[in-house]
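Structure file coords.cif with mmCIF, C-alpha atoms (C1' of nucleotides):
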```cif
data_protein
#
loop_
_atom_site.label_atom_id
_atom_site.label_comp_id
_atom_site.auth_asym_id
_atom_site.auth_seq_id
_atom_site.Cartn_x
_atom_site.Cartn_y
_atom_site.Cartn_z
CA MET A 1355 0.00 0.00 0.00
CA GLU A 1356 1.25 3.51 0.89
CA LYS A 1357 1.62 5.14 -2.48
CA GLN A 1358 4.96 6.88 -1.74
CA ILE A 1359 4.40 10.37 -3.10
CA ASP A 1360 7.22 12.19 -4.84
CA PRO A 1361 8.87 14.36 -2.16
CA ARG A 1362 8.93 17.31 -4.55
CA ILE A 1363 5.15 17.35 -4.48
CA LEU A 1364 5.08 17.36 -0.70
CA ARG A 1365 7.77 20.01 -0.50
CA THR A 1366 6.08 22.31 -3.01
CA ARG A 1367 2.70 21.97 -1.31
CA LYS A 1368 4.30 22.81 2.00
CA LEU A 1369 6.21 25.77 0.56
CA ILE A 1370 2.99 27.18 -0.90
CA MET A 1371 0.89 26.58 2.19
CA ASP A 1372 3.50 28.01 4.56
CA ALA A 1373 3.96 31.05 2.34
CA PHE A 1374 0.22 31.56 2.33
CA ILE A 1375 -0.03 31.28 6.11
CA GLN A 1376 2.79 33.78 6.52
CA LEU A 1377 1.23 36.20 4.04
CA SER A 1378 -2.20 35.99 5.63
CA MET A 1379 -0.68 37.25 8.86
CA LYS A 1380 0.30 40.53 7.24
CA LYS A 1381 -2.24 40.96 4.47
CA ASP A 1382 -5.95 40.68 4.05
CA PHE A 1383 -6.97 37.51 2.21
CA LYS A 1384 -8.50 39.43 -0.66
CA ASP A 1385 -5.26 41.36 -1.24
CA ILE A 1386 -3.08 38.28 -1.53
CA THR A 1387 -2.35 37.44 -5.16
CA ILE A 1388 -1.20 34.14 -6.57
CA LYS A 1389 2.01 35.90 -7.55
CA ASP A 1390 2.54 36.98 -3.93
CA ILE A 1391 2.15 33.42 -2.76
CA THR A 1392 4.35 31.83 -5.39
CA THR A 1393 7.07 34.44 -5.01
CA ALA A 1394 7.19 33.90 -1.25
CA ALA A 1395 7.15 30.14 -1.80
CA THR A 1396 9.94 30.34 -4.42
CA VAL A 1397 7.76 28.44 -6.85
CA ASN A 1398 6.63 29.20 -10.37
CA ARG A 1399 3.11 30.55 -10.72
CA ALA A 1400 2.14 27.76 -13.10
CA THR A 1401 3.18 25.26 -10.46
CA PHE A 1402 0.60 26.71 -8.11
CA TYR A 1403 -2.14 25.70 -10.53
CA SER A 1404 -0.93 22.12 -10.70
CA HIS A 1405 -1.54 21.85 -6.96
CA PHE A 1406 -4.52 24.07 -6.28
CA ILE A 1407 -7.49 25.24 -8.33
CA ASP A 1408 -7.34 28.77 -6.95
CA LYS A 1409 -6.86 30.82 -3.79
CA TYR A 1410 -10.07 29.51 -2.24
CA ASP A 1411 -9.04 25.93 -2.83
CA LEU A 1412 -5.75 26.71 -1.12
CA LEU A 1413 -7.51 28.29 1.88
CA GLU A 1414 -9.72 25.25 2.22
CA LYS A 1415 -6.79 22.87 2.17
CA VAL A 1416 -4.73 24.98 4.53
CA LEU A 1417 -7.60 24.96 7.01
CA SER A 1418 -8.31 21.26 6.84
CA GLU A 1419 -4.78 19.95 6.48
CA SER A 1420 -2.62 22.39 8.30
CA VAL A 1421 -4.65 24.11 10.95
CA MET A 1422 -6.97 21.28 11.95
CA ARG A 1423 -4.07 18.88 12.18
CA GLU A 1424 -2.54 21.17 14.71
CA ILE A 1425 -5.68 21.21 16.83
CA ILE A 1426 -6.15 17.48 16.61
CA GLN A 1427 -2.53 16.83 17.51
CA GLU A 1428 -3.00 18.83 20.67
CA VAL A 1429 -5.56 16.29 21.88
CA SER A 1430 -4.18 13.18 20.21
CA THR A 1431 -2.37 12.26 23.42
CA HIS A 1432 -5.71 11.69 25.15
CA GLU A 1433 -6.53 8.02 25.44
CA VAL A 1434 -10.32 8.31 25.46
CA ILE A 1435 -12.81 11.07 24.77
CA ASN A 1436 -13.55 12.61 28.12
CA GLN A 1437 -14.25 15.97 29.66
CA GLU A 1438 -10.64 17.06 29.26
CA THR A 1439 -10.59 16.18 25.57
CA ILE A 1440 -13.76 18.14 24.94
CA GLU A 1441 -12.39 21.10 26.83
CA ALA A 1442 -9.12 21.00 24.92
CA ILE A 1443 -10.89 20.92 21.57
CA PHE A 1444 -13.26 23.69 22.54
CA LEU A 1445 -10.40 25.92 23.60
CA SER A 1446 -8.52 25.08 20.41
CA ILE A 1447 -11.44 26.18 18.27
CA ILE A 1448 -11.70 29.45 20.18
CA LYS A 1449 -7.99 30.01 19.88
CA PHE A 1450 -7.99 29.37 16.15
CA GLN A 1451 -11.07 31.47 15.45
CA SER A 1452 -9.68 34.37 17.44
CA SER A 1453 -6.41 34.22 15.57
CA ILE A 1454 -7.97 34.22 12.11
CA SER A 1455 -10.46 36.92 13.00
CA ASN A 1456 -7.49 39.05 14.00
CA GLN A 1457 -5.35 38.09 11.04
CA CYS A 1458 -7.86 38.09 8.21
CA ARG A 1459 -10.04 40.99 9.43
CA ARG A 1460 -12.52 41.81 6.64
CA SER A 1461 -12.32 38.51 4.82
CA TYR A 1462 -13.12 36.77 8.07
CA GLU A 1463 -16.89 37.28 7.76
CA ALA A 1464 -16.86 36.31 4.10
CA PHE A 1465 -15.30 32.97 4.85
CA THR A 1466 -16.89 31.87 8.08
CA PRO A 1467 -19.36 29.60 6.23
CA GLN A 1468 -16.57 27.75 4.44
CA ILE A 1469 -14.48 27.62 7.57
CA GLU A 1470 -17.42 26.29 9.54
CA THR A 1471 -18.05 23.51 7.02
CA ILE A 1472 -14.43 22.42 7.02
CA PHE A 1473 -14.18 22.59 10.77
CA LYS A 1474 -17.25 20.50 11.43
CA LYS A 1475 -16.29 17.96 8.81
CA GLU A 1476 -12.86 17.53 10.38
CA LEU A 1477 -14.19 17.36 13.91
CA GLU A 1478 -16.77 14.83 12.82
CA ALA A 1479 -14.13 12.61 11.22
CA PHE A 1480 -12.05 12.92 14.34
CA PHE A 1481 -14.84 12.03 16.76
CA SER A 1482 -16.11 9.27 14.53
CA GLU A 1483 -12.69 7.67 14.37
CA TRP A 1484 -12.29 7.87 18.08
CA ALA A 1485 -15.75 6.61 18.90
CA LYS A 1486 -15.12 3.57 16.75
CA LYS A 1487 -12.11 2.67 18.88
CA GLN A 1488 -13.84 3.43 22.13
CA TRP A 1489 -17.02 1.48 21.41
CA PRO A 1490 -16.09 -1.13 18.81
CA ASN A 1491 -19.38 -3.02 19.18
CA GLN A 1492 -21.49 0.02 18.53
CA ASN A 1493 -23.54 0.21 15.35
CA LYS A 1494 -21.87 2.25 12.61
CA SER A 1495 -24.62 4.76 11.94
CA GLU A 1496 -25.07 5.47 15.62
CA ILE A 1497 -21.38 6.27 15.86
CA GLU A 1498 -21.81 8.71 13.02
CA VAL A 1499 -24.78 10.40 14.61
CA PHE A 1500 -22.80 10.77 17.80
CA ALA A 1501 -19.88 12.31 15.89
CA VAL A 1502 -22.11 14.71 13.99
CA MET A 1503 -23.96 15.88 17.07
CA LEU A 1504 -20.83 16.35 19.11
CA SER A 1505 -19.02 18.27 16.38
CA TRP A 1506 -22.00 20.57 15.73
CA ALA A 1507 -22.65 21.06 19.40
CA LEU A 1508 -19.08 21.93 20.16
CA TYR A 1509 -18.61 24.19 17.18
CA GLY A 1510 -21.93 25.92 17.85
CA ALA A 1511 -20.97 26.52 21.45
CA ALA A 1512 -17.64 27.92 20.38
CA MET A 1513 -19.36 30.33 17.98
CA HIS A 1514 -21.77 31.31 20.70
CA TRP A 1515 -18.95 32.14 23.03
CA MET A 1516 -17.15 34.08 20.28
CA GLN A 1517 -20.18 36.37 19.88
CA ASN A 1518 -20.83 36.97 23.56
CA GLN A 1519 -17.54 36.41 25.36
CA THR A 1520 -19.29 36.94 28.70
CA THR A 1521 -17.26 34.52 30.78
CA GLN A 1522 -13.76 33.09 30.51
CA PRO A 1523 -13.70 30.27 27.92
CA GLU A 1524 -12.46 27.86 30.60
CA ASP A 1525 -15.57 28.56 32.71
CA TYR A 1526 -17.89 28.58 29.72
CA VAL A 1527 -16.82 25.14 28.52
CA LYS A 1528 -17.62 23.64 31.91
CA GLN A 1529 -21.25 24.70 31.50
CA LEU A 1530 -21.47 22.59 28.35
CA MET A 1531 -20.46 19.38 30.01
CA PRO A 1532 -23.78 18.15 31.37
CA PHE A 1533 -25.28 18.14 27.88
CA ILE A 1534 -22.27 16.52 26.22
CA ILE A 1535 -21.92 13.80 28.85
CA ASN A 1536 -25.56 12.84 28.19
CA ILE A 1537 -24.78 12.26 24.54
CA GLU A 1538 -21.88 10.05 25.55
CA ASN A 1539 -24.02 8.04 27.95
CA ASP A 1540 -26.57 7.33 25.23
CA LYS A 1541 -23.81 5.59 23.33
CA THR A 1542 -22.53 3.42 26.14
CA ILE A 1543 -25.93 1.56 26.29
CA MET B 911 24.28 40.02 -19.09
CA GLU B 912 22.94 38.51 -15.84
CA LYS B 913 22.53 34.85 -16.68
CA GLN B 914 19.20 34.34 -14.86
CA ILE B 915 19.71 31.10 -12.97
CA ASP B 916 16.90 28.57 -12.71
CA PRO B 917 15.16 29.35 -9.40
CA ARG B 918 15.08 25.66 -8.54
CA ILE B 919 18.86 25.71 -8.36
CA LEU B 920 18.83 28.68 -6.02
CA ARG B 921 16.10 27.18 -3.90
CA THR B 922 17.80 23.81 -3.60
CA ARG B 923 21.12 25.41 -2.72
CA LYS B 924 19.42 27.45 -0.05
CA LEU B 925 17.54 24.44 1.32
CA ILE B 926 20.78 22.48 1.61
CA MET B 927 22.77 25.33 3.11
CA ASP B 928 20.08 26.23 5.63
CA ALA B 929 19.67 22.60 6.61
CA PHE B 930 23.42 22.36 7.11
CA ILE B 931 23.53 25.50 9.24
CA GLN B 932 20.68 24.18 11.38
CA LEU B 933 22.32 20.77 11.76
CA SER B 934 25.70 22.24 12.67
CA MET B 935 24.06 23.93 15.64
CA LYS B 936 23.14 20.61 17.17
CA LYS B 937 25.78 18.23 15.84
CA ASP B 938 29.51 18.18 15.47
CA PHE B 939 30.60 18.75 11.88
CA LYS B 940 32.23 15.35 11.61
CA ASP B 941 29.00 13.62 12.69
CA ILE B 942 26.84 15.26 10.06
CA THR B 943 26.25 12.89 7.14
CA ILE B 944 25.13 13.80 3.66
CA LYS B 945 21.96 11.86 4.35
CA ASP B 946 21.32 14.02 7.42
CA ILE B 947 21.66 17.15 5.37
CA THR B 948 19.56 16.03 2.42
CA THR B 949 16.81 14.65 4.65
CA ALA B 950 16.57 17.91 6.55
CA ALA B 951 16.64 19.85 3.28
CA THR B 952 13.93 17.61 1.74
CA VAL B 953 16.20 16.92 -1.19
CA ASN B 954 17.42 13.71 -2.75
CA ARG B 955 20.92 12.69 -1.78
CA ALA B 956 22.02 12.52 -5.42
CA THR B 957 20.92 16.13 -5.83
CA PHE B 958 23.43 17.13 -3.18
CA TYR B 959 26.24 15.92 -5.41
CA SER B 960 25.07 17.98 -8.35
CA HIS B 961 25.53 21.10 -6.23
CA PHE B 962 28.48 20.34 -3.99
CA ILE B 963 31.50 18.09 -4.27
CA ASP B 964 31.30 16.98 -0.65
CA LYS B 965 30.72 18.20 2.91
CA TYR B 966 33.87 20.33 2.89
CA ASP B 967 32.86 22.04 -0.30
CA LEU B 968 29.51 22.80 1.30
CA LEU B 969 31.14 24.23 4.43
CA GLU B 970 33.32 26.46 2.31
CA LYS B 971 30.39 27.79 0.34
CA VAL B 972 28.24 28.26 3.41
CA LEU B 973 30.99 30.33 4.99
CA SER B 974 31.69 32.53 2.01
CA GLU B 975 28.16 32.92 0.67
CA SER B 976 25.91 32.71 3.64
CA VAL B 977 27.78 33.77 6.72
CA MET B 978 29.98 36.48 5.24
CA ARG B 979 27.01 37.99 3.43
CA GLU B 980 25.35 38.41 6.77
CA ILE B 981 28.35 40.19 8.22
CA ILE B 982 28.78 42.42 5.21
CA GLN B 983 25.10 43.32 5.18
CA GLU B 984 25.41 44.54 8.72
CA VAL B 985 27.83 47.23 7.60
CA SER B 986 26.49 47.81 4.09
CA THR B 987 24.48 50.77 5.35
CA HIS B 988 27.70 52.64 6.10
CA GLU B 989 28.46 55.24 3.45
CA VAL B 990 32.22 55.27 3.82
CA ILE B 991 34.78 53.13 5.58
CA ASN B 992 35.37 54.80 8.91
CA GLN B 993 36.01 53.89 12.50
CA GLU B 994 32.46 52.69 13.00
CA THR B 995 32.61 50.38 9.98
CA ILE B 996 35.83 48.83 11.18
CA GLU B 997 34.40 48.33 14.64
CA ALA B 998 31.25 46.75 13.28
CA ILE B 999 33.22 44.32 11.13
CA PHE B 1000 35.57 43.45 13.95
CA LEU B 1001 32.69 42.70 16.30
CA SER B 1002 30.99 40.65 13.58
CA ILE B 1003 34.07 38.48 13.14
CA ILE B 1004 34.25 37.92 16.89
CA LYS B 1005 30.57 37.12 17.02
CA PHE B 1006 30.83 34.62 14.18
CA GLN B 1007 33.97 32.94 15.48
CA SER B 1008 32.50 32.57 18.95
CA SER B 1009 29.35 31.04 17.55
CA ILE B 1010 31.11 28.44 15.42
CA SER B 1011 33.59 27.59 18.13
CA ASN B 1012 30.60 26.84 20.33
CA GLN B 1013 28.62 25.07 17.64
CA CYS B 1014 31.30 23.01 15.94
CA ARG B 1015 33.41 22.22 19.03
CA ARG B 1016 36.05 19.69 17.97
CA SER B 1017 35.91 20.32 14.26
CA TYR B 1018 36.51 23.99 14.95
CA GLU B 1019 40.29 23.63 15.27
CA ALA B 1020 40.49 21.43 12.22
CA PHE B 1021 38.80 24.03 10.05
CA THR B 1022 40.21 27.30 11.29
CA PRO B 1023 42.75 27.45 8.44
CA GLN B 1024 40.04 27.11 5.79
CA ILE B 1025 37.77 29.47 7.61
CA GLU B 1026 40.57 31.99 7.88
CA THR B 1027 41.31 31.84 4.17
CA ILE B 1028 37.69 32.32 3.22
CA PHE B 1029 37.21 35.11 5.72
CA LYS B 1030 40.18 37.11 4.60
CA LYS B 1031 39.34 36.62 0.94
CA GLU B 1032 35.82 37.90 1.50
CA LEU B 1033 36.94 40.81 3.63
CA GLU B 1034 39.52 41.73 1.06
CA ALA B 1035 36.97 41.74 -1.74
CA PHE B 1036 34.69 43.84 0.40
CA PHE B 1037 37.31 46.43 1.32
CA SER B 1038 38.66 46.51 -2.20
CA GLU B 1039 35.22 47.18 -3.63
CA TRP B 1040 34.60 49.91 -1.15
CA ALA B 1041 37.97 51.53 -1.53
CA LYS B 1042 37.41 51.76 -5.27
CA LYS B 1043 34.26 53.79 -4.69
CA GLN B 1044 35.81 55.93 -2.02
CA TRP B 1045 38.99 56.80 -3.89
CA PRO B 1046 38.16 56.36 -7.59
CA ASN B 1047 41.40 58.00 -8.75
CA GLN B 1048 43.58 55.69 -6.74
CA ASN B 1049 45.82 53.26 -8.54
CA LYS B 1050 44.36 49.75 -8.71
CA SER B 1051 47.22 47.82 -7.13
CA GLU B 1052 47.45 50.27 -4.25
CA ILE B 1053 43.78 49.73 -3.56
CA GLU B 1054 44.42 46.01 -3.42
CA VAL B 1055 47.33 46.36 -1.05
CA PHE B 1056 45.15 48.47 1.19
CA ALA B 1057 42.37 45.86 1.11
CA VAL B 1058 44.76 43.00 1.83
CA MET B 1059 46.43 44.75 4.71
CA LEU B 1060 43.22 45.87 6.29
CA SER B 1061 41.61 42.44 6.02
CA TRP B 1062 44.63 40.65 7.46
CA ALA B 1063 45.08 43.22 10.19
CA LEU B 1064 41.48 43.05 11.24
CA TYR B 1065 41.25 39.28 11.11
CA GLY B 1066 44.52 38.91 12.96
CA ALA B 1067 43.37 41.27 15.67
CA ALA B 1068 40.13 39.37 16.00
CA MET B 1069 42.04 36.09 16.40
CA HIS B 1070 44.29 37.71 18.96
CA TRP B 1071 41.32 38.83 20.98
CA MET B 1072 39.75 35.37 20.70
CA GLN B 1073 42.83 33.79 22.30
CA ASN B 1074 43.25 36.29 25.12
CA GLN B 1075 39.85 37.82 25.72
CA THR B 1076 41.37 40.16 28.30
CA THR B 1077 39.18 43.19 27.67
CA GLN B 1078 35.70 43.70 26.30
CA PRO B 1079 35.76 43.46 22.48
CA GLU B 1080 34.32 46.99 22.25
CA ASP B 1081 37.28 48.35 24.21
CA TYR B 1082 39.78 46.18 22.42
CA VAL B 1083 38.75 47.35 18.98
CA LYS B 1084 39.32 50.97 19.96
CA GLN B 1085 42.97 50.18 20.63
CA LEU B 1086 43.37 49.08 17.01
CA MET B 1087 42.19 52.32 15.53
CA PRO B 1088 45.42 54.36 15.52
CA PHE B 1089 47.12 51.73 13.39
CA ILE B 1090 44.23 51.31 11.00
CA ILE B 1091 43.66 55.01 10.53
CA ASN B 1092 47.31 55.28 9.46
CA ILE B 1093 46.74 52.79 6.69
CA GLU B 1094 43.78 54.80 5.55
CA ASN B 1095 45.75 58.01 5.54
CA ASP B 1096 48.43 56.47 3.37
CA LYS B 1097 45.77 55.96 0.72
CA THR B 1098 44.35 59.45 0.77
CA ILE B 1099 47.72 60.80 -0.51
"C1'" DA C 911 40.24 -10.87 10.13
"C1'" DC C 912 36.16 -10.75 8.20
"C1'" DA C 913 31.13 -10.35 7.93
"C1'" DG C 914 27.44 -7.11 8.23
"C1'" DC C 915 26.21 -2.56 8.27
"C1'" DT C 916 26.11 2.05 6.86
"C1'" DA C 917 27.92 6.08 4.22
"C1'" DT C 918 29.71 7.76 -0.04
"C1'" DA C 919 29.72 8.55 -4.83
"C1'" DT C 920 28.02 7.79 -9.76
"C1'" DT C 921 24.79 6.92 -13.60
"C1'" DG C 922 20.54 6.28 -16.79
"C1'" DT C 923 15.76 6.97 -16.66
"C1'" DT C 924 11.51 9.24 -15.21
"C1'" DT C 925 8.92 13.06 -13.52
"C1'" DA C 926 7.75 17.56 -11.24
"C1'" DA C 927 8.52 22.10 -11.83
"C1'" DA C 928 10.28 26.15 -14.56
"C1'" DC C 929 9.60 28.86 -18.45
"C1'" DA C 930 7.59 31.35 -22.16
"C1'" DA C 931 3.77 32.47 -24.58
"C1'" DC C 932 -0.93 33.29 -24.90
"C1'" DA C 933 -5.80 34.58 -24.11
"C1'" DT C 934 -8.74 36.61 -20.99
"C1'" DA C 935 -10.29 39.15 -16.89
"C1'" DT C 936 -9.64 43.00 -13.23
"C1'" DT C 937 -8.09 46.93 -11.61
"C1'" DG C 938 -6.95 51.83 -11.60
"C1'" DA C 939 -5.67 56.28 -12.98
"C1'" DT C 940 -6.57 59.95 -16.43
"C1'" DA D 783 -15.26 55.78 -20.78
"C1'" DT D 784 -10.66 54.37 -22.06
"C1'" DC D 785 -6.31 52.67 -22.11
"C1'" DA D 786 -2.40 50.76 -19.64
"C1'" DA D 787 -0.97 47.82 -16.20
"C1'" DT D 788 -1.55 43.95 -13.58
"C1'" DA D 789 -3.75 39.38 -12.24
"C1'" DT D 790 -5.64 34.96 -13.67
"C1'" DG D 791 -5.62 30.70 -15.87
"C1'" DT D 792 -3.77 27.44 -19.55
"C1'" DT D 793 -0.52 24.92 -22.54
"C1'" DG D 794 3.81 22.88 -24.93
"C1'" DT D 795 8.57 22.51 -24.22
"C1'" DT D 796 12.79 22.24 -21.49
"C1'" DT D 797 15.33 21.18 -17.42
"C1'" DA D 798 16.43 20.22 -12.44
"C1'" DA D 799 15.64 16.92 -9.27
"C1'" DA D 800 13.89 12.25 -7.79
"C1'" DC D 801 14.62 7.53 -8.13
"C1'" DA D 802 16.69 3.08 -8.44
"C1'" DA D 803 20.57 0.50 -9.23
"C1'" DT D 804 25.35 -0.06 -8.74
"C1'" DA D 805 30.12 -0.13 -6.88
"C1'" DT D 806 33.20 1.13 -3.34
"C1'" DA D 807 34.97 2.65 1.20
"C1'" DG D 808 34.77 2.83 6.13
"C1'" DC D 809 33.27 1.44 10.65
"C1'" DT D 810 32.05 -1.89 14.35
"C1'" DG D 811 31.66 -5.89 16.83
"C1'" DT D 812 32.54 -10.75 17.49
#
```
As structure tokens - that is how I would like this structure written.
Amino acid sequence: MEKQIDPRILRTRKLIMDAFIQLSMKKDFKDITIKDITTAATVNRATFYSHFIDKYDLLEKVLSESVMREIIQEVSTHEVINQETIEAIFLSIIKFQSSISNQCRRSYEAFTPQIETIFKKELEAFFSEWAKKQWPNQNKSEIEVFAVMLSWALYGAAMHWMQNQTTQPEDYVKQLMPFIINIENDKTI
Amino acid sequence: MEKQIDPRILRTRKLIMDAFIQLSMKKDFKDITIKDITTAATVNRATFYSHFIDKYDLLEKVLSESVMREIIQEVSTHEVINQETIEAIFLSIIKFQSSISNQCRRSYEAFTPQIETIFKKELEAFFSEWAKKQWPNQNKSEIEVFAVMLSWALYGAAMHWMQNQTTQPEDYVKQLMPFIINIENDKTI
DNA sequence: ACAGCTATATTGTTTAAACAACATATTGAT
DNA sequence: ATCAATATGTTGTTTAAACAATATAGCTGT
């Protein structure tokens, strides 16, 4: 198995993505040109198009591959999904959202729907994978429902906190727990 | 003119050199393998050999291209060669020598002759270039003698300080000035 | 001393990326 | 509104780098 991808492909993808992340710290998304990205990545502009359809495709892939990986790695040390895991993920979402809303400014609103979709999809895959390990006997579709609900619930809560920011995130996340633990109990029969 | 080199060549050279610089901070020069370098640089090992003859060739080029450039850039803002320029260069040599003697440890002694040659050659080219601008009417060979003397004098002084380290480098360099200013005066007729 | 391991160095073939050229958009200043 | 400059995609050709195979040299331990 394991296809063994040409390292040039991996390197070029990384160069482009890293350049994009760096640029998006200084510039608004809408003001970043393909030329900007490829120049910073020391890559030909045509090469960009052999990896990504356009800027939006790049953003999508950066979010799902680069940023989400980082979040998931933060909690990948946890053995089982428990209160701590949930808290860690919640705080990671907040942290990421705050950083892009600072960095991207105007374009932030324009992209929240895309970002939301990617985020929930990634969280769902993550929870689904983990649930499978934790409850191997559980019916497949029930696992999926659990993953969907948890990812939406958590993301929704994070967005809610972002808009209100009444309490400290650490306190806020503790309020969520009773509801989330119920979902978990449903699954453990 | 200006050949316009394929950017892949430049990029690969930079990747290899940067990887080598990073590695030499953690490992002794003699323990760094070509595989180490190429892996860190995300480059095929065979590619290394199309750019450099071997590890020693790489070291030489890193010193003259990468490290010296850094030093020279630090003083490239100076309009004319004066006391400040000399001081800045002297302190840069000290700074660089201290860093490699810490980083390379054992291999440091083995390479000081090569390093010295490269250093003086680069300094000479730098002073020569600058002297040409500063005294355009001056005879070519006299310019060269000036550049040679100044580069040897400065490097020698730096080595002397490195071995004794009696005073602060900032104080030490001030002691050199009377001698160096004399050389300069000789050139201004 | 020699057997097994790893590093070095080289070469022919394949492939990813550079390049140049082109045809559209977009933008922006007059 | 217009014209120049700049950005976006696309394509055919060329080239640098990856790869795999090979031969040799240098350690290291038994």
- Considering all atoms listed in the file, return as a list in words whatever protein or nucleic-acid residues lie within 10 Å of D:DT788, sequence-local ones (same chain, fewer than 4 positions apart) excluded. DT936, DT937 and DG938 of chain C
- Task: Check every residue of chain B for an atom within 10 Å of chain A, counting all atoms listed in the file, and provide those that qualify as a ChimeraX atom specification.
- Result: /B:917-918,920-921,951-954
- Task: List the residues selected by the PyMOL selection byres ((chain C and resi 917) around 8) in the file shown, writing them as a PyMOL selection string.
- Result: (chain B and resi 943) or (chain C and resi 916+918) or (chain D and resi 808)
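Using only C-alpha atoms (C1' of nucleotides) for every distance, the candidate list C:DA935, C:DC912, C:DT940, C:DA928 yields C:DA935 as the residue closest to D:DA789.
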- Message: Can you spell out as a VMD selection string the set of residues that the PyMOL selection byres ((chain A and resi 1481) around 9) selects in the structure I just provided?
- Response: chain A and resid 1435 1476 to 1480 1482 to 1486 1497 to 1498 1500 to 1502 1504 to 1505
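Counting from atom C1' of D:DG794, the distance to atom CA of A:Phe1402 is 17.5 Å.
What separates atom C1' of C:DA930 from atom CA of A:Tyr1410 is a distance of 26.7 Å.
You will find atom C1' of D:DT812 at 11.2 Å from atom C1' of C:DG914.
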- Message: Suppose a student applies the PyMOL selection byres ((chain D and resi 802) around 12) to this structure; what residues should they get, written as a ChimeraX atom specification?
- Response: /B:956 /C:921-924 /D:800-801,803-804
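If you count only C-alpha atoms (C1' of nucleotides) and draw a sphere of 7 Å around (28.4, -0.4, 11.2), the protein and nucleic acid residues inside it come out as DC915 and DT916 of chain C; DC809 and DT810 of chain D.
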With C-alpha atoms (C1' of nucleotides) retained, write the just-selected residues as a PDB file, in the frame of the given file.
```
ATOM      1  C1'  DC C 915      26.210  -2.560   8.270  1.00  0.00           C
ATOM      2  C1'  DT C 916      26.110   2.050   6.860  1.00  0.00           C
TER       3       DT C 916
ATOM      4  C1'  DC D 809      33.270   1.440  10.650  1.00  0.00           C
ATOM      5  C1'  DT D 810      32.050  -1.890  14.350  1.00  0.00           C
TER       6       DT D 810
END
```
Dump as a tab-separated table the rows for residues of chain C within 10 Å of chain A: closest atom pair and distance in Å with one decimal, all atoms listed in the file counted, ordered by chain and rising residue number.
```
residue	atom	partner	partner_atom	distance
C:DT925	C1'	A:Asp1360	CA	8.9
C:DA926	C1'	A:Arg1362	CA	6.8
C:DA927	C1'	A:Thr1401	CA	6.4
C:DA928	C1'	A:Asn1398	CA	6.3
C:DC929	C1'	A:Asn1398	CA	8.6
```
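Residue nearest C:DT934, chosen from D:DT792, D:DA798, D:DA783, D:DA807 and counting only C-alpha atoms (C1' of nucleotides): D:DT792.
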Please return, as an mmCIF file with C-alpha atoms, in the frame of the given file, all polymer residues that have at least one atom within 9 Å of the point (36.8, 38.3, 17.0); use only C-alpha atoms (C1' of nucleotides) and the file's own coordinate frame.
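out_38.cif, written as the output of this step:
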```cif
data_model
loop_
_atom_site.group_PDB
_atom_site.id
_atom_site.type_symbol
_atom_site.label_atom_id
_atom_site.label_comp_id
_atom_site.auth_asym_id
_atom_site.auth_seq_id
_atom_site.Cartn_x
_atom_site.Cartn_y
_atom_site.Cartn_z
ATOM 1 C CA PHE B 1000 35.570 43.450 13.950
ATOM 2 C CA LEU B 1001 32.690 42.700 16.300
ATOM 3 C CA SER B 1002 30.990 40.650 13.580
ATOM 4 C CA ILE B 1003 34.070 38.480 13.140
ATOM 5 C CA ILE B 1004 34.250 37.920 16.890
ATOM 6 C CA LYS B 1005 30.570 37.120 17.020
ATOM 7 C CA PHE B 1006 30.830 34.620 14.180
ATOM 8 C CA GLN B 1007 33.970 32.940 15.480
ATOM 9 C CA SER B 1008 32.500 32.570 18.950
ATOM 10 C CA LEU B 1064 41.480 43.050 11.240
ATOM 11 C CA TYR B 1065 41.250 39.280 11.110
ATOM 12 C CA GLY B 1066 44.520 38.910 12.960
ATOM 13 C CA ALA B 1067 43.370 41.270 15.670
ATOM 14 C CA ALA B 1068 40.130 39.370 16.000
ATOM 15 C CA MET B 1069 42.040 36.090 16.400
ATOM 16 C CA HIS B 1070 44.290 37.710 18.960
ATOM 17 C CA TRP B 1071 41.320 38.830 20.980
ATOM 18 C CA MET B 1072 39.750 35.370 20.700
ATOM 19 C CA PRO B 1079 35.760 43.460 22.480
#
```
